[in-house]
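Dumped model_14.csv below, it's CSV, C-alpha atoms:
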```
chain,number,residue,atom,x,y,z
D,10,MET,CA,-69.7,1.5,33.8
D,11,THR,CA,-68.2,-0.7,36.5
D,12,GLU,CA,-68.3,1.7,39.4
D,13,ASN,CA,-69.7,5.1,40.5
D,14,LEU,CA,-67.7,6.7,43.3
D,15,THR,CA,-68.7,9.9,45.1
D,16,ARG,CA,-66.4,11.3,47.7
D,17,ALA,CA,-67.9,13.1,50.7
D,18,ALA,CA,-65.5,16.0,50.3
D,19,THR,CA,-66.7,16.7,46.8
D,20,ALA,CA,-70.3,15.7,46.9
D,21,GLU,CA,-72.8,18.4,45.7
D,22,ILE,CA,-75.0,19.6,48.6
D,23,ILE,CA,-78.3,21.4,48.0
D,24,SER,CA,-80.5,23.3,50.5
D,25,ASP,CA,-84.0,22.7,49.4
D,26,GLY,CA,-85.7,24.3,52.3
D,27,PRO,CA,-85.1,25.7,55.8
D,28,GLY,CA,-83.3,23.0,57.9
D,29,SER,CA,-83.0,20.6,55.0
D,30,LEU,CA,-79.9,19.5,53.0
D,31,ILE,CA,-79.7,17.0,50.2
D,32,THR,CA,-76.3,15.4,49.4
D,33,LEU,CA,-76.2,14.0,45.9
D,34,LEU,CA,-74.5,10.6,45.6
D,35,THR,CA,-75.3,8.8,42.3
D,36,ASP,CA,-77.7,9.4,39.4
D,37,THR,CA,-77.7,6.7,36.8
D,38,ASP,CA,-80.4,5.1,34.7
D,39,GLU,CA,-80.6,2.3,37.2
D,40,LEU,CA,-80.3,4.1,40.5
D,41,THR,CA,-80.5,7.5,42.1
D,42,CYS,CA,-79.2,8.0,45.7
D,43,ASN,CA,-78.8,10.9,48.0
D,44,THR,CA,-78.8,11.6,51.7
D,45,ALA,CA,-81.2,14.0,53.3
D,46,SER,CA,-80.5,15.8,56.6
D,47,PHE,CA,-83.4,17.4,58.4
D,48,GLU,CA,-83.2,19.7,61.4
D,49,VAL,CA,-86.1,19.9,63.9
D,50,GLY,CA,-89.2,21.3,62.1
D,51,ALA,CA,-87.9,20.9,58.6
D,52,ALA,CA,-90.8,20.5,56.1
D,53,GLY,CA,-89.4,17.4,54.3
D,54,ALA,CA,-91.0,16.3,51.1
D,55,PRO,CA,-94.7,16.9,50.3
D,56,VAL,CA,-97.2,14.2,49.3
D,57,HIS,CA,-96.3,12.8,46.0
D,58,PHE,CA,-96.0,9.6,44.0
D,59,HIS,CA,-93.8,8.1,41.2
D,60,THR,CA,-95.2,6.2,38.3
D,61,LYS,CA,-92.0,4.3,37.4
D,62,ALA,CA,-89.7,4.3,40.4
D,63,THR,CA,-89.6,2.6,43.7
D,64,GLU,CA,-88.3,5.0,46.4
D,65,PHE,CA,-86.6,3.7,49.5
D,66,PHE,CA,-85.5,5.1,52.8
D,67,HIS,CA,-82.9,4.0,55.4
D,68,VAL,CA,-82.8,6.1,58.5
D,69,THR,CA,-79.2,6.5,59.7
D,70,ASP,CA,-80.0,8.8,62.6
D,71,GLY,CA,-83.0,10.4,64.3
D,72,GLN,CA,-86.6,9.7,63.5
D,73,LEU,CA,-88.5,10.2,60.2
D,74,ASP,CA,-92.3,10.2,59.6
D,75,VAL,CA,-93.2,8.7,56.3
D,76,LEU,CA,-96.6,8.6,54.8
D,77,VAL,CA,-97.3,5.4,52.8
D,78,GLY,CA,-100.8,5.4,51.2
D,79,ASP,CA,-103.0,6.6,54.1
D,80,GLU,CA,-100.8,5.5,56.9
D,81,VAL,CA,-98.0,7.4,58.7
D,82,HIS,CA,-95.0,5.3,59.9
D,83,THR,CA,-92.4,6.7,62.3
D,84,LEU,CA,-89.0,5.2,61.3
D,85,SER,CA,-86.1,5.2,63.8
D,86,LYS,CA,-82.3,4.8,63.3
D,87,GLY,CA,-81.7,1.6,61.3
D,88,ASP,CA,-85.2,1.3,59.9
D,89,PHE,CA,-85.7,0.7,56.2
D,90,LEU,CA,-88.8,1.3,54.1
D,91,SER,CA,-89.5,1.0,50.3
D,92,VAL,CA,-92.5,2.5,48.5
D,93,ALA,CA,-93.7,1.0,45.3
D,94,PRO,CA,-94.6,3.0,42.2
D,95,GLY,CA,-98.0,4.6,42.3
D,96,VAL,CA,-98.2,4.8,46.1
D,97,LYS,CA,-98.6,8.3,47.6
D,98,HIS,CA,-95.9,9.1,50.1
D,99,ALA,CA,-94.3,12.0,52.0
D,100,PHE,CA,-91.6,12.3,54.6
D,101,ALA,CA,-90.3,14.7,57.2
D,102,PRO,CA,-88.5,14.5,60.6
D,103,ALA,CA,-90.8,13.3,63.4
D,104,ALA,CA,-92.1,16.1,65.7
D,105,GLY,CA,-89.3,17.5,67.7
D,106,GLN,CA,-86.7,15.3,66.0
D,107,THR,CA,-83.9,15.5,63.5
D,108,ALA,CA,-83.4,12.9,60.8
D,109,GLU,CA,-80.6,11.7,58.6
D,110,VAL,CA,-81.8,9.5,55.8
D,111,PHE,CA,-80.3,7.5,52.9
D,112,VAL,CA,-82.8,7.9,50.0
D,113,GLY,CA,-82.8,5.9,46.8
D,114,PHE,CA,-84.8,5.4,43.6
D,115,THR,CA,-84.8,2.5,41.2
D,116,PRO,CA,-84.8,3.0,38.3
D,117,GLY,CA,-82.9,6.3,38.4
D,118,MET,CA,-84.1,9.1,36.1
D,119,GLY,CA,-81.6,12.0,36.2
D,120,ARG,CA,-83.2,13.2,39.4
D,121,PHE,CA,-80.3,15.4,40.4
D,122,ASP,CA,-81.7,18.1,38.1
D,123,TYR,CA,-84.9,17.9,40.1
D,124,TYR,CA,-83.0,18.5,43.4
D,125,ARG,CA,-81.1,21.4,41.7
D,126,LEU,CA,-84.5,22.9,40.7
D,127,LEU,CA,-85.6,22.7,44.4
D,128,GLY,CA,-82.4,24.5,45.3
D,129,ARG,CA,-83.1,27.2,42.7
D,130,VAL,CA,-86.6,27.7,44.0
D,131,ARG,CA,-85.2,28.1,47.5
D,132,ALA,CA,-82.7,30.7,46.2
D,133,GLY,CA,-85.4,32.6,44.3
D,134,GLU,CA,-84.0,31.7,40.9
D,135,ALA,CA,-87.0,29.5,39.9
D,136,THR,CA,-90.7,29.3,40.9
D,137,VAL,CA,-93.0,26.7,42.4
D,138,GLN,CA,-94.7,26.7,39.0
D,139,ASP,CA,-91.4,25.4,37.5
D,140,ILE,CA,-91.6,22.5,40.0
D,141,ILE,CA,-95.2,21.8,39.0
D,142,ASP,CA,-94.3,21.9,35.3
D,143,SER,CA,-91.5,19.4,35.9
D,144,GLN,CA,-93.7,16.6,37.3
D,145,PRO,CA,-93.7,14.4,34.2
D,146,VAL,CA,-90.0,15.0,33.5
D,147,TYR,CA,-88.8,13.7,36.9
D,148,ASP,CA,-91.7,11.3,37.6
D,149,ASN,CA,-92.5,13.3,40.7
D,150,HIS,CA,-96.3,13.8,40.9
D,151,TYR,CA,-97.8,15.8,43.7
D,152,ALA,CA,-100.9,14.7,45.5
D,153,GLU,CA,-102.9,15.3,48.7
D,154,SER,CA,-103.4,13.3,51.9
D,155,GLU,CA,-105.7,13.9,54.8
D,156,ALA,CA,-103.5,11.5,56.9
D,157,TRP,CA,-100.4,13.7,56.2
D,158,ALA,CA,-102.3,16.9,56.8
D,159,GLY,CA,-103.6,15.5,60.1
D,160,ARG,CA,-100.0,14.6,61.1
D,161,ALA,CA,-99.0,18.3,60.7
D,162,THR,CA,-102.0,19.4,62.8
D,163,ARG,CA,-101.3,16.8,65.5
D,164,SER,CA,-97.6,17.9,65.6
D,165,ALA,CA,-98.6,21.6,66.0
D,166,GLU,CA,-100.9,20.7,68.9
D,167,ALA,CA,-98.3,18.6,70.7
```
Could you take the file, read its structure, and then write that structure out as structure tokens?
Amino acid sequence: MTENLTRAATAEIISDGPGSLITLLTDTDELTCNTASFEVGAAGAPVHFHTKATEFFHVTDGQLDVLVGDEVHTLSKGDFLSVAPGVKHAFAPAAGQTAEVFVGFTPGMGRFDYYRLLGRVRAGEATVQDIIDSQPVYDNHYAESEAWAGRATRSAEA
């Protein structure tokens, strides 16, 4: 394959939670890319890690909180961050903010089906257990973080 073109007018868009949209861009063995649009208060992605893939984030608008290990970074428009395999991370719009983010994974792993599963859970067509069962298939392993839980508490108090 010499190119992979996705037109904005025909890109698949998935709602994976209140105030959260994922636009699917490319999903090859080498690279998976999407954009994520978050309204104020959207939950974002819970704490997780990947065993094989590096995940990267480029904020194109707004502000995004990203957990990396035990530290929370607030990224602003234009900021870029990559997270190596095995490192716990999570992300959501910063308190009181929206966020538009370009998200990528290398290598890719057919992750579009994972996003579609999230959309089916939101629509009541699948269960959270289906997501838990899919962890090894999509290299998306859920974890916990006191730092991320503390972020939510601090945001609620602000």
> So which residues are close to (-85.2, 24.4, 42.7), meaning at most 10 Å away in the file's coordinates with all atoms listed in the file counted, and can you show them as a list in words?
Replying inline: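 Output of the proximity query reads Ile23, Ser24, Asp25, Gly26, Asp122, Tyr123, Tyr124, Arg125, Leu126, Leu127, Gly128, Arg129, Val130, Arg131, Ala132, Gly133, Glu134, Ala135, Thr136, Val137, Asp139 and Ile140 of chain D.
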> Distance atom CA of Leu84 of chain D-atom CA of Ser154 of chain D, one decimal place?
Replying inline: 19.0 Å
> Looking at D:Glu12, D:Asp36, D:Asp142, D:Asp74, which one is nearest to Pro102 of chain D, with distances taken over all atoms listed in the file?
Replying inline: D:Asp74
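The interatomic distance for the pair atom CA of Tyr147 of chain D and atom CA of Gly119 of chain D works out to 7.4 Å.
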> Could you state the separation of atom CA of Ser85 of chain D and atom CA of Asp70 of chain D in Å, given to one decimal place?
Replying inline: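 Taking atom CA of Ser85 of chain D and atom CA of Asp70 of chain D, their separation equals 7.2 Å.
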>> I'd like to know which of D:Ala17, D:Val110, D:Ile22, D:Ala93 is closest to Phe58 of chain D, using all atoms listed in the file.
In response: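 With all atoms listed in the file as the atom set, the closest residue is D:Ala93.
Residue nearest Cys42 of chain D within the list D:His67, D:Arg160, D:Lys86, D:His57: D:His67 [criterion: smallest interatomic distance, all atoms listed in the file].
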>> Please determine, counting all atoms listed in the file, which residue among D:Val96, D:Thr115, D:Ala45, D:Ile141 has the shortest atom-to-atom distance to His59 of chain D.
In response: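 The answer is D:Val96, which sits nearest to His59 of chain D.
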>> Env of Ala62 of chain D: 10 Å cut, atoms = only C-alpha atoms, seq-sep filter 6 positions within chain, self excluded. Answer as a ChimeraX atom specification.
In response: /D:39-41,92-95,113-118,148-149
> Out of D:Thr63, D:Thr11, D:Thr32, D:Thr107, which residue has the shortest atom-to-atom distance to Ala51 of chain D when counting only C-alpha atoms?
Replying inline: D:Thr107
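Residues surrounding Glu48 of chain D within 9 Å are D:Pro27, D:Gly28, D:Ser29, D:Pro102, D:Gln106, D:Thr107, D:Ala108, D:Glu109 [all atoms listed in the file; sequence separation below 6 positions excluded].
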> Closest to Ala99 of chain D among D:Phe121, D:Thr35, D:Ala18, D:Val75, using all atoms listed in the file?
Replying inline: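 Using all atoms listed in the file, the shortest distance to Ala99 of chain D belongs to D:Val75.
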> Need the neighbours of (-105.6, 11.9, 49.3): which residues are at most 10 Å away, counting only C-alpha atoms, as a list in words?
Replying inline: Val56, His57, Gly78, Asp79, Lys97, Ala152, Glu153, Ser154, Glu155, Ala156, Trp157 and Ala158 of chain D
